[in-house]
Amino acid sequence: MTDETRTTGRRGSVLIVGVGASRGVGAAVARRFAREGHPVAIAGRNAEKLAATAAELIAAGATVATEVGDGSVAEDARRFVAAAQALAPLAVAVHNAGSNMPAPFLKVTQARFESHWREHTLGGFQTAQAAIPALLDNGGGTLIFTGASGSLRGKANFSPFAAAKAGLRALAQSLAREFGPQNIHVGHVVIDGGILGERLLTFMPDLAEQRGPDGMLDTEAIADAYWILHNQHRSAWTHEIDLRPWAETF
């Protein structure tokens, strides 16, 4: 949080890159910040899902801008930041984009490996390159990257995802060391477990019942962690936080 926001109560804009269905992490983060009075710019590749999520936010009283595009493309990333800045000076940027397509390593094509790298690692790079100049101009702010179990360890059949997420984590570390002294709080959130959201449950509809109560990460609880990161005093910033259900082994 910038000193200006802390002392005046001014609410800067929040950009979330990687917003799809309402039951997803990106939408939950948008709701959490909007509830506190921040205008939000949400960006994603699926226009229909993005529009539905935006409609829900607006119905709840939020100020919202939507941008359809690919966060791994520099021009799109700059457009996303411009949309947020049009609402209010950018205070927070979140990179939450990227999918996972597990497969045995010998069946992984170069195209699939590259697509993971583009969505996660290159997308994080483009989001950061577009957002950091705005954050610097605005006196500082928060830059958060969504990580995963694969950020820390490579699981069998997850080689493209793990490689991409590990690269994103290293990028976040470098940015924290370079821009922390310039009042930009860079956070990396390791989501270590199944998320109780549309993406996972579409492919595994019985998973929530199998895991039992609190056996999966609730998207609203994840969003709370992003809110906490943004509001930490800069004398005690957290760079990396890991989130998992209480029943998850690690």
# chains A, B, ... in the order shown; residues from 1 in each chain; ligands from 1
>>> residues_around(residues="stretch 92-100 of chain A", least_positions_apart="3", cutoff="7 Å", atoms="only C-alpha atoms", output="compact mmCIF listing (two decimals) with C-alpha atoms, in the first residue's frame")
# COMPACT_ATOMS: atom_id res chain seq x y z
CA SER A 13 -7.44 0.83 -9.06
CA VAL A 14 -6.80 -2.91 -9.04
CA LEU A 15 -5.93 -4.87 -12.16
CA ILE A 16 -6.48 -8.63 -12.19
CA VAL A 17 -5.10 -10.40 -15.24
CA GLY A 18 -6.61 -13.86 -15.56
CA GLY A 26 -9.44 -13.96 -10.23
CA GLU A 119 0.66 -18.24 -20.08
CA HIS A 120 2.51 -18.34 -16.78
CA GLY A 124 3.85 -12.61 -15.59
CA THR A 127 2.05 -7.92 -16.70
CA ALA A 131 2.29 -2.39 -14.47
CA GLY A 141 1.84 -0.24 -4.84
CA THR A 142 1.46 -4.00 -4.90
CA LEU A 143 2.26 -6.61 -7.53
CA ILE A 144 1.07 -10.16 -6.83
CA PHE A 145 1.66 -13.38 -8.75
CA THR A 146 -0.45 -16.50 -8.32
CA PHE A 161 3.37 -26.52 -15.61
>>> residues_around(residues="A:Ala84", least_positions_apart="5", cutoff="12 Å", atoms="only C-alpha atoms", output="PyMOL selection string")
chain A and resi 12-17+38-43+63-67+77-79+89-94+130-131+134-135
>>> write_last_selection(atoms="C-alpha atoms", output="CSV table (one decimal), in the first residue's frame")
chain,number,residue,atom,x,y,z
A,12,GLY,CA,-6.5,3.2,-6.3
A,13,SER,CA,-7.4,0.8,-9.1
A,14,VAL,CA,-6.8,-2.9,-9.0
A,15,LEU,CA,-5.9,-4.9,-12.2
A,16,ILE,CA,-6.5,-8.6,-12.2
A,17,VAL,CA,-5.1,-10.4,-15.2
A,38,HIS,CA,-11.4,-0.1,-5.1
A,39,PRO,CA,-12.4,0.2,-8.8
A,40,VAL,CA,-11.3,-3.0,-10.5
A,41,ALA,CA,-10.2,-3.8,-14.1
A,42,ILE,CA,-10.6,-7.4,-15.0
A,43,ALA,CA,-8.9,-9.0,-17.9
A,63,THR,CA,-16.8,0.1,-10.5
A,64,VAL,CA,-15.5,-2.2,-13.2
A,65,ALA,CA,-13.6,-2.1,-16.5
A,66,THR,CA,-13.3,-5.3,-18.6
A,67,GLU,CA,-10.6,-6.1,-21.2
A,77,ALA,CA,-0.8,-6.1,-21.1
A,78,ARG,CA,-0.3,-2.4,-21.7
A,79,ARG,CA,-4.0,-2.1,-22.6
A,89,PRO,CA,-4.2,5.5,-10.4
A,90,LEU,CA,-3.1,1.9,-10.4
A,91,ALA,CA,-2.5,0.5,-6.8
A,92,VAL,CA,-2.5,-3.2,-7.3
A,93,ALA,CA,-1.7,-5.6,-10.2
A,94,VAL,CA,-2.4,-9.3,-10.0
A,130,ALA,CA,3.3,-3.0,-18.1
A,131,ALA,CA,2.3,-2.4,-14.5
A,134,ALA,CA,2.5,2.9,-13.6
A,135,LEU,CA,3.1,1.8,-10.0
>>> select_by_dssp(residues="stretch 50-167 of chain A", states="helix (DSSP H, G or I)", output="VMD selection string")
chain A and resid 50 to 59 74 to 87 105 to 107 110 to 137 149 to 151 159 to 167
>>> closest_residue(among="A:Ala162, A:Ala172, A:Phe33, A:Ser22", to="A:Asn231", atoms="only C-alpha atoms")
A:Phe33
>>> residues_around(residues="A:Leu152", least_positions_apart="5", cutoff="12 Å", atoms="only C-alpha atoms", output="PyMOL selection string")
chain A and resi 147+161-170+188-192+240+242+250
